[in-house]
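*Asks:* I'd like to ask you about the structure that follows.
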Amino acid sequence: MNVCQNQQETSREEKIAQYREALRQRTVTADDLLIGSWVSFYSFKKDPFAYQTKQLADAGLNFNIFPGGFPGTDPKTMPDWETVEAEYSADNMVYFMMGGLEDEEYRDGIRLADGKAHCIGYHLMDEPGGDLLPKVGEVMRRFRGADDKRYPFVNLLPSYAGEKWLGGSYREYVQRFVDAAGRENIGWLSHDFYVFLENADSLGVFADMEVVRSVAYENCKLKTHAFPQSTKWTGMRMPNSDEMRWNVYAYLAYGFKALSWFNVVCPGQSDEDGEGFSRSLIYRDGTIMDKQLWHDFTALNWEVRGIGHVLMGLDTVHAWHTDGSLTGVEILPADCFIRPDGDADLVISFMEAKDGTQPYMMLFNKSHKETVTQSFTLDAASGITAVEYLDPMTGEYNQEDIADGHLRVSFRPGEGKLFRLQGLN
């Protein structure tokens, strides 16, 4: 390596470090792209609360649904809400207050949230069946009536819960929730779907994402939330770093604006109880089980935050698949402004800007096993004059060479890349 090459690499490293520090210092609010976790803490006897919240923040997380411990934890060992507010303020993170469907939970949640600047919502419940949606909607309206600065949060079931439990088709279930709660009372339309089975991938996730995306878009472009997988339990495998990247970018391609890892810390009291949880990024005793995976996980979170401020200003209008083998998804139309050359298995997302400026596209490699280099043809009649790649590591736009009417892109396994389009008709 010559001196010039070494100077160029050092310069990029400095840019990356400077950009990450700028992201750390930027005040996090409910209007940011949020990255959090479901179970996030292990015993505070092992490491204190302040240490563990900083560990999460250093790993790129800026949000937590359960900010002081998971429900069911001995309340004597959990920090009080004043301590939670102080530590989340110190680490530039936001969180949800505990809520619920009962009167006592409602009163306590509203009272405890008062005056806490880093509390942005209330966690009400997880995975309601279709028969419970009217009650859920009623309570959500009640929370918003008492506190119009914060949103109640409910996470919906996946389609594989079945129509009997959902009370109809998946689209009907999601829309019934929106109707029951009132779209003005929903901060994030959330669902879960766990992809990485013991010996296979459950690609029905794309049809579920399409339902959530389209219902959200049709209801005042609601923000959306989901749970990428980072845990092993009965029937499910522990994802590697490429699979985690795939899981995150699949959601970003569909326009999701908040993600909570399931989970940073291994749930349960032992590997035998509950659903057989046995591995996560951090074990129950505080051990980081795979230090390289933790490093990759951290890098991925900061990478996503590097494009988060732009993604928050965009809405995914279409998430087109180039391969026609899946059902319940949009297939790339023949007259699209961009088409892959030859066979490809990608998602091409068209994203409109909320402020009416230039649109964007995200190109997503649907393989979490293979590095892909793909050439695309740009329609000569599209009017596109420039394609600019947003580098998530530096925050800089780099203009791509499209002089011959082609765009060439290389992807890591499961990677998505965000491009700004200039001049599109």
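Residue numbers start at 1 in each chain; chains themselves are named A, B, ... in the order of the structure tokens; ligands are numbered from 1 in the order shown.
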Leaving out A:Pro228 and any residue of its chain fewer than 3 positions from it, which residues lie within 10 Å of it when counting only C-alpha atoms, given as a list in words?
*Replies:* Ser37, Asp192, Phe193, Tyr194, Val195, Phe196, His225, Thr231, Pro239, Glu243, Met244, Arg245, Trp246, Asn247, Val248, Tyr249, Ala250, Tyr251, Leu259, Ser260, Trp261, Phe262 and Asn263 of chain A
*Asks:* Take the residues from that selection and write them out as a tab-separated table (two decimals), in the first residue's frame, keeping N, CA and C atoms.
*Replies:*
chain	number	residue	atom	x	y	z
A	37	SER	N	-34.88	-2.57	21.84
A	37	SER	CA	-34.87	-4.00	22.16
A	37	SER	C	-36.09	-4.32	23.01
A	192	ASP	N	-45.07	-8.14	14.70
A	192	ASP	CA	-43.88	-8.99	14.74
A	192	ASP	C	-44.07	-10.18	13.80
A	193	PHE	N	-42.95	-10.69	13.33
A	193	PHE	CA	-42.93	-11.88	12.47
A	193	PHE	C	-41.50	-12.40	12.53
A	194	TYR	N	-41.31	-13.62	13.05
A	194	TYR	CA	-39.97	-14.14	13.25
A	194	TYR	C	-39.60	-15.11	12.12
A	195	VAL	N	-38.54	-14.78	11.43
A	195	VAL	CA	-38.20	-15.36	10.13
A	195	VAL	C	-37.33	-16.60	10.25
A	196	PHE	N	-36.37	-16.57	11.19
A	196	PHE	CA	-35.28	-17.54	11.14
A	196	PHE	C	-35.61	-18.80	11.94
A	225	HIS	N	-43.41	-0.02	12.99
A	225	HIS	CA	-42.43	-0.59	13.92
A	225	HIS	C	-42.46	-2.11	13.79
A	231	THR	N	-32.36	-13.71	18.69
A	231	THR	CA	-32.46	-14.68	19.78
A	231	THR	C	-32.77	-16.07	19.22
A	239	PRO	N	-29.71	-15.90	14.69
A	239	PRO	CA	-29.22	-15.35	13.42
A	239	PRO	C	-27.75	-14.95	13.51
A	243	GLU	N	-27.62	-12.37	8.54
A	243	GLU	CA	-29.08	-12.53	8.68
A	243	GLU	C	-29.70	-11.34	9.43
A	244	MET	N	-29.00	-10.84	10.42
A	244	MET	CA	-29.49	-9.65	11.12
A	244	MET	C	-29.56	-8.45	10.18
A	245	ARG	N	-28.52	-8.29	9.36
A	245	ARG	CA	-28.53	-7.20	8.38
A	245	ARG	C	-29.71	-7.35	7.42
A	246	TRP	N	-29.93	-8.56	6.96
A	246	TRP	CA	-31.06	-8.85	6.06
A	246	TRP	C	-32.38	-8.47	6.71
A	247	ASN	N	-32.56	-8.87	7.98
A	247	ASN	CA	-33.81	-8.63	8.69
A	247	ASN	C	-34.09	-7.12	8.81
A	248	VAL	N	-33.05	-6.36	9.14
A	248	VAL	CA	-33.20	-4.91	9.30
A	248	VAL	C	-33.48	-4.23	7.97
A	249	TYR	N	-32.70	-4.53	6.95
A	249	TYR	CA	-32.87	-3.83	5.67
A	249	TYR	C	-34.16	-4.24	4.96
A	250	ALA	N	-34.64	-5.45	5.21
A	250	ALA	CA	-35.96	-5.81	4.66
A	250	ALA	C	-37.01	-4.85	5.20
A	251	TYR	N	-36.97	-4.59	6.49
A	251	TYR	CA	-37.94	-3.66	7.08
A	251	TYR	C	-37.72	-2.23	6.59
A	259	LEU	N	-37.50	-0.01	15.08
A	259	LEU	CA	-37.19	-1.44	15.19
A	259	LEU	C	-36.79	-1.74	16.63
A	260	SER	N	-37.26	-2.86	17.15
A	260	SER	CA	-36.84	-3.32	18.47
A	260	SER	C	-36.34	-4.75	18.34
A	261	TRP	N	-35.07	-4.96	18.65
A	261	TRP	CA	-34.50	-6.30	18.54
A	261	TRP	C	-35.18	-7.25	19.53
A	262	PHE	N	-35.41	-8.46	19.05
A	262	PHE	CA	-35.97	-9.52	19.89
A	262	PHE	C	-34.90	-10.62	19.99
A	263	ASN	N	-34.00	-10.49	20.93
A	263	ASN	CA	-33.80	-9.58	22.06
A	263	ASN	C	-32.32	-9.28	22.18
*Asks:* So which residues of stretch 110-331 of chain A fall under alpha helix (DSSP H) by DSSP, listed as a PyMOL selection string?
*Replies:* chain A and resi 110-113+133-146+163-166+170-181+205-218+241-253+291-311
*Asks:* Which of stretch 131-321 of chain A end up as strand (DSSP E) when DSSP is run on this backbone - answer as a list of chain:residue names?
*Replies:*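 Matching residues, listed in order: A:Tyr151, A:Pro152, A:Phe153, A:Val154, A:Asn155, A:Leu156, A:Leu189, A:Ser190, A:His191, A:Thr224, A:His225, A:Ala226, A:Thr231, A:Lys232, A:Ala258, A:Leu259, A:Ser260, A:Trp261, A:Arg279, A:Ser280, A:Leu314, A:Asp315, A:Thr316, A:Val317, A:His318, A:Ala319, A:Trp320, A:His321.
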*Asks:* May I ask which of the residues A:Ala207, A:Met351, A:Ala226, A:Met236 is the closest one to A:Gly276, counting only C-alpha atoms?
*Replies:*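 Of the candidates, the smallest distance to A:Gly276 is held by A:Met236.
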*Asks:* Name the residues in contact with A:Leu222 at a cut-off of 7 Å, using only C-alpha atoms, excluding same-chain residues fewer than 3 positions from it; report them as JSON, numbers by chain.
*Replies:* {"A": [188, 189, 216, 217, 219]}
*Asks:* Near stretch 233-235 of chain A, counting only C-alpha atoms, which residues have an atom at most 8 Å away, once you skip same-chain residues fewer than 4 positions from it, shown as a list in words?
*Replies:* Leu197, Glu198, Glu275, Gly276, Phe277, Ser278 and Arg279 of chain A
*Asks:* Which neighbours of A:Gly308 fall inside 9 Å, counting only C-alpha atoms, when residues of the same chain fewer than 2 positions from it are skipped, and could you give them as JSON, numbers by chain?
*Replies:* {"A": [32, 33, 34, 257, 303, 304, 305, 306, 310, 311, 312, 313, 392]}
